[in-house]
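**Student:** My structure is below; once you've seen it, I'll send some questions.
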Amino acid sequence: MDLDTILARAPQVALVDELAHTNVPGGRHDKRWEDIEELLAAGIDVVTTVNIQHLESLNDVVEKITGVPQRETVPDEMVRRAYQIELVDMPAEALRRRMAHGNVYAPEKVDAALSNYFRVGNLTALRELALLWVAGRVDEALQRYRYEHGIGRVWETRERVVVALTGGPEGATLIRRAARIADRSAGGDLLAVHIARSDGLADASPAALAKQRSLVESLGGTFHSVVGDHVPSALLDFARAESATQLVVGTSRRGRLAHFLTGRGVGETTVEQSGDIDVHMVTHERARRGRLLPTPKSTLPLVRRVAGPVAGLILPFLLTVLLSHTRGSLNLTTDALLFLLAVVGVACIGGVVSALLASITASLLLNWYFIPPIHKFTIGETNNVLALAVFAVVAVTVAAIVDHSLRLSRRAANATAEAETLSSVAGGILRGDQGVEVLLRRTKEAFGMEVAELHHRVGHGIEPADTSAQDDAAGVTVPVGTDDVLVLRGRRLAASERRVLVAFAGHVAAALERARLAEAAAEVEPVKAADRMRTALLAAVSHDLRTPIASGWAAVSSLRSRDVHFSDEDRDELLATAEESLARLNRLVDNLLDMSRLQAGALSLRLQPTALAEVLPLALDTLPETAVPVRTQGVTGTADILADPPLLERVIANLVTNAVRHSPPGGKVLLSASALGEQVELRVIDRGPGLQVQDRDRVFEAFQRMGDTDNTTGLGLGLALSRGLTEAMGGTLTPEDTPGGGLTMVVSLPAARSVRPEETLS
């Protein structure tokens, strides 16, 4: 482009094609978009074009989709600055039809383009990227317009569903409910938000929020955290800022008493203030059942068990010394309450034993130093006797309650740990990712044992499942089914642990039974497959082999007959018939033998670098004469592939035979080769009737002749055998529609240069 001439002419509008184009070296700018910036700076409006794959932000995504790196890119900001963006959209098949008709590329480049960059999958993915990118720009323009015009109400241009999370156990239910609401409308967005307190105090479990974040992201949503003291206001502010159309909140976990005392909850306030945002109040299993208490992570540690009795002895003495200096300013009731407070503190530190020791010590000190007559263990007034008795009873009661709470906490912690462990084990078994060895290792770790092994019952005793010697230390045995025993050695188990161990043994039994069933199924499957193959083979042999045998037999019998005199022309025709019949019979038998080897896994391969230019002529020479011409394209310049040459020759011959059989009169078959990443693709293209989408898998089943009106031409093994041989060589065979009508069989095999030398023999 002559930039200086355009600037000199100073038009109102300049039409500049290919925004991402790279200029000829030596110019003023390296890129054409830099030329356009200079035109814009000169006051010239520009109309230009750009393909979605040339946007800088999508460069890596496009390379993953197409396998082709884009060297020419444009900064997204350059495109965003456009006054107007128009999307030129077209379905992938329509574009491929235009290319097939020669409207885009020259005829000699059409097949290569269609088989490489312009595949249906590539074009569909690029089309989606373009639609989403333009939709995002439209949304940005809409948000800017609303901001500039002070529009605060929600415009329901598309569904945006916000789900409010507290970090509670109901979070997963709310997230899935919100995801279902968002999925009901195409293009709906899912946003999860957690309102955090501004004082920095944690009011939710970070672990629970992390799990909920993962769930949101797995469902295609985004997670946000907003700071705010008034939850309804912060929640609605976030929803309006994101132009949310629907808001999902859970019903309150507060009990009826808490609801009566504190009034309306977050959900009710949100509904009242939501305005034009629809609010969904979703019930859950924790509704109206109160908030869950936090689960303690450990039992009473040794330090507290030692510090408790020490505090029970020292703290009352220290309090006595302190109160002795304030004698006269405090009465007996205050002294007793302070001693009671000390006992409660000791109970919180060391439990009931420490609190009992502290209450006895405090009672004696209170009697000796503060109850008249002082410095005597006698009590002069009946009222003081009652006060001391009440003090002792309250102190012991509070200590017992505290100790009971600690025991319940420990039980809750143990129950939670047991439930989590059993849940994890059960989930692993259901998913099939935990075998018997893994379960035994987890059992040993869960119970802190030295040994966990599975034994087989032998008569009235047991025999170890393995031959490794074990010590004779006392162990714990639990039956596993009827024939096995789980043995643990290392320490004695409590009664509660034995209960959990029985559950573990049940899981081990289930895993063991699963393994046995899988092994039995694996043993039966080859037999079933062989039986199916045998049945189909017998059915095929009874019909499809009869024709070439009968034709060859009739020709040979006629030639041997002495009753009829044949001319030389007739004799040659009979010999040709016999030869053709025997050749067809030979091909059928070869296919049957190869298919049997594939089914039995006995096919030997010798993979080596192979040139398509060498294999194709050999494969085409084996084909019978036909009126349908076979052409090749791009074969000589293609990289070598890793394949077994004789097997590849069979694959190509079968595919070309199938293409020729279905080609219309006057049609042709094209063999096109091209490289895609580390793969080389060979396309066998015909212009026949093609295949319906639902038949693309069935066509590769053995003994299928889909669409053939003539059932005397083969067993229907050609495509099944071709796919089997291709996959045995590490490749794939897939059908595609030929643009303009027909079927394209794509053989994809690894390029020889992409494989290490040690992998060339298999």
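All residue names refer to the structure tokens as shown: chains lettered A, B, ... in order, residues numbered from 1 in each chain, ligands numbered from 1 in order.
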So that I can see what lies close to stretch 666-680 of chain A, please list as number ranges by chain the residues with an atom at most 8 Å from it, counting only C-alpha atoms and leaving out residues fewer than 5 positions away in the same chain.
**Tutor:** A: 67-68, 111-112, 115-116, 628-635, 638-639, 641, 656, 659-660, 685-687, 748-751, 754
**Student:** Would you save the residues from that selection as an mmCIF file, in the first residue's frame, using N, CA and C atoms?
**Tutor:**
```cif
data_model
loop_
_atom_site.group_PDB
_atom_site.id
_atom_site.type_symbol
_atom_site.label_atom_id
_atom_site.label_comp_id
_atom_site.auth_asym_id
_atom_site.auth_seq_id
_atom_site.Cartn_x
_atom_site.Cartn_y
_atom_site.Cartn_z
ATOM 1 N N GLY A 67 -3.937 -25.891 15.064
ATOM 2 C CA GLY A 67 -2.597 -26.444 14.938
ATOM 3 C C GLY A 67 -1.656 -25.596 14.111
ATOM 4 N N VAL A 68 -2.102 -24.401 13.727
ATOM 5 C CA VAL A 68 -1.297 -23.514 12.884
ATOM 6 C C VAL A 68 -1.023 -22.218 13.646
ATOM 7 N N ASP A 111 -8.721 -28.528 -2.585
ATOM 8 C CA ASP A 111 -8.708 -29.744 -1.770
ATOM 9 C C ASP A 111 -7.728 -29.625 -0.605
ATOM 10 N N ALA A 112 -6.562 -29.047 -0.873
ATOM 11 C CA ALA A 112 -5.590 -28.882 0.213
ATOM 12 C C ALA A 112 -6.130 -27.955 1.298
ATOM 13 N N SER A 115 -8.909 -29.720 3.357
ATOM 14 C CA SER A 115 -8.434 -30.821 4.191
ATOM 15 C C SER A 115 -7.495 -30.362 5.291
ATOM 16 N N ASN A 116 -7.126 -29.109 5.316
ATOM 17 C CA ASN A 116 -6.202 -28.622 6.348
ATOM 18 C C ASN A 116 -6.878 -27.580 7.235
ATOM 19 N N VAL A 628 -13.572 -45.666 -13.265
ATOM 20 C CA VAL A 628 -13.470 -44.469 -12.425
ATOM 21 C C VAL A 628 -11.998 -44.113 -12.269
ATOM 22 N N PRO A 629 -11.586 -42.937 -12.738
ATOM 23 C CA PRO A 629 -10.169 -42.568 -12.601
ATOM 24 C C PRO A 629 -9.811 -42.240 -11.144
ATOM 25 N N VAL A 630 -8.582 -42.570 -10.777
ATOM 26 C CA VAL A 630 -8.060 -42.283 -9.437
ATOM 27 C C VAL A 630 -6.898 -41.310 -9.589
ATOM 28 N N ARG A 631 -6.998 -40.147 -8.941
ATOM 29 C CA ARG A 631 -5.979 -39.112 -9.035
ATOM 30 C C ARG A 631 -5.330 -38.917 -7.666
ATOM 31 N N THR A 632 -4.084 -38.434 -7.671
ATOM 32 C CA THR A 632 -3.362 -38.147 -6.422
ATOM 33 C C THR A 632 -2.965 -36.671 -6.399
ATOM 34 N N GLN A 633 -2.802 -36.147 -5.160
ATOM 35 C CA GLN A 633 -2.453 -34.733 -5.001
ATOM 36 C C GLN A 633 -1.659 -34.565 -3.708
ATOM 37 N N GLY A 634 -0.525 -33.862 -3.792
ATOM 38 C CA GLY A 634 0.271 -33.538 -2.613
ATOM 39 C C GLY A 634 0.981 -34.715 -1.993
ATOM 40 N N VAL A 635 1.137 -35.817 -2.718
ATOM 41 C CA VAL A 635 1.721 -37.027 -2.138
ATOM 42 C C VAL A 635 3.242 -36.949 -2.080
ATOM 43 N N THR A 638 4.961 -34.768 0.859
ATOM 44 C CA THR A 638 4.528 -35.017 2.232
ATOM 45 C C THR A 638 5.608 -35.779 2.993
ATOM 46 N N ALA A 639 5.721 -35.483 4.287
ATOM 47 C CA ALA A 639 6.717 -36.151 5.125
ATOM 48 C C ALA A 639 6.406 -37.639 5.235
ATOM 49 N N ILE A 641 5.714 -41.213 6.943
ATOM 50 C CA ILE A 641 4.879 -41.578 8.085
ATOM 51 C C ILE A 641 5.427 -42.843 8.733
ATOM 52 N N VAL A 656 -9.806 -47.170 -1.385
ATOM 53 C CA VAL A 656 -10.001 -46.764 -2.780
ATOM 54 C C VAL A 656 -11.045 -47.653 -3.454
ATOM 55 N N ALA A 659 -14.336 -46.386 -2.394
ATOM 56 C CA ALA A 659 -14.654 -45.106 -3.032
ATOM 57 C C ALA A 659 -15.040 -45.300 -4.495
ATOM 58 N N VAL A 660 -14.311 -46.172 -5.205
ATOM 59 C CA VAL A 660 -14.623 -46.427 -6.609
ATOM 60 C C VAL A 660 -16.003 -47.058 -6.744
ATOM 61 N N ILE A 685 -11.144 -39.271 -1.351
ATOM 62 C CA ILE A 685 -12.315 -38.421 -1.577
ATOM 63 C C ILE A 685 -13.103 -38.954 -2.763
ATOM 64 N N ASP A 686 -14.412 -39.168 -2.535
ATOM 65 C CA ASP A 686 -15.283 -39.557 -3.649
ATOM 66 C C ASP A 686 -16.468 -38.601 -3.715
ATOM 67 N N ARG A 687 -17.217 -38.699 -4.806
ATOM 68 C CA ARG A 687 -18.393 -37.853 -5.021
ATOM 69 C C ARG A 687 -19.666 -38.692 -5.041
ATOM 70 N N SER A 748 -5.188 -40.836 9.356
ATOM 71 C CA SER A 748 -4.215 -39.988 10.050
ATOM 72 C C SER A 748 -3.204 -40.877 10.761
ATOM 73 N N LEU A 749 -1.928 -40.707 10.420
ATOM 74 C CA LEU A 749 -0.841 -41.500 11.005
ATOM 75 C C LEU A 749 0.261 -40.563 11.465
ATOM 76 N N PRO A 750 1.031 -40.948 12.489
ATOM 77 C CA PRO A 750 2.100 -40.073 12.977
ATOM 78 C C PRO A 750 3.220 -39.931 11.965
ATOM 79 N N ALA A 751 3.725 -38.700 11.878
ATOM 80 C CA ALA A 751 4.880 -38.466 11.008
ATOM 81 C C ALA A 751 6.110 -39.151 11.587
ATOM 82 N N SER A 754 8.425 -37.330 14.094
ATOM 83 C CA SER A 754 7.916 -36.992 15.422
ATOM 84 C C SER A 754 8.035 -38.146 16.390
#
```
**Student:** Measure the distance from atom CA of A:Val396 to atom CA of A:Asp335 in Å and round it to one decimal.
**Tutor:**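 A separation of 17.4 Å between them.
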**Student:** Using only C-alpha atoms, which residues sit within 10 Å of A:Pro69 once same-chain residues fewer than 6 positions away are excluded, as a list in words?
**Tutor:**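 Counting only C-alpha atoms, the residues come to Gln53, Asn59, Asp60, Val61, Val62 and Glu63 of chain A.
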**Student:** Restrict the selected residues to N, CA and C atoms and save them as a PDB file, in the first residue's frame.
**Tutor:**
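So result26.pdb came out as:
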```pdb
ATOM      1  N   GLN A  53      -8.853 -14.979  13.773  1.00  0.00           N
ATOM      2  CA  GLN A  53      -7.635 -15.666  14.190  1.00  0.00           C
ATOM      3  C   GLN A  53      -6.432 -14.735  14.292  1.00  0.00           C
ATOM      4  N   ASN A  59      -4.548 -15.555  19.974  1.00  0.00           N
ATOM      5  CA  ASN A  59      -3.520 -16.226  19.181  1.00  0.00           C
ATOM      6  C   ASN A  59      -3.259 -17.645  19.667  1.00  0.00           C
ATOM      7  N   ASP A  60      -3.086 -17.822  20.982  1.00  0.00           N
ATOM      8  CA  ASP A  60      -2.789 -19.156  21.503  1.00  0.00           C
ATOM      9  C   ASP A  60      -3.989 -20.075  21.393  1.00  0.00           C
ATOM     10  N   VAL A  61      -5.199 -19.529  21.566  1.00  0.00           N
ATOM     11  CA  VAL A  61      -6.402 -20.344  21.453  1.00  0.00           C
ATOM     12  C   VAL A  61      -6.563 -20.853  20.021  1.00  0.00           C
ATOM     13  N   VAL A  62      -6.332 -19.985  19.057  1.00  0.00           N
ATOM     14  CA  VAL A  62      -6.468 -20.373  17.656  1.00  0.00           C
ATOM     15  C   VAL A  62      -5.441 -21.443  17.292  1.00  0.00           C
ATOM     16  N   GLU A  63      -4.228 -21.313  17.803  1.00  0.00           N
ATOM     17  CA  GLU A  63      -3.206 -22.316  17.499  1.00  0.00           C
ATOM     18  C   GLU A  63      -3.585 -23.684  18.062  1.00  0.00           C
TER      19      GLU A  63
END
```
**Student:** For atom CA of A:Val47 and atom CA of A:Arg144, determine how far apart the two atoms are, in Å to one decimal place.
**Tutor:**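 Between atom CA of A:Val47 and atom CA of A:Arg144 the gap works out to 23.6 Å.
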**Student:** Have a look at A:Leu126, A:Val163, A:Leu366, A:Ala518 and name the one nearest to A:His280; count only C-alpha atoms.
**Tutor:**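 Answer, going by the shortest atom-to-atom distance: A:Val163.
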**Student:** Name the closest residue to A:Gln608 among the candidates A:Glu579, A:Asp640, A:Asp189, A:Glu77; distances are taken between atoms, counting only C-alpha atoms.
**Tutor:** A:Asp640
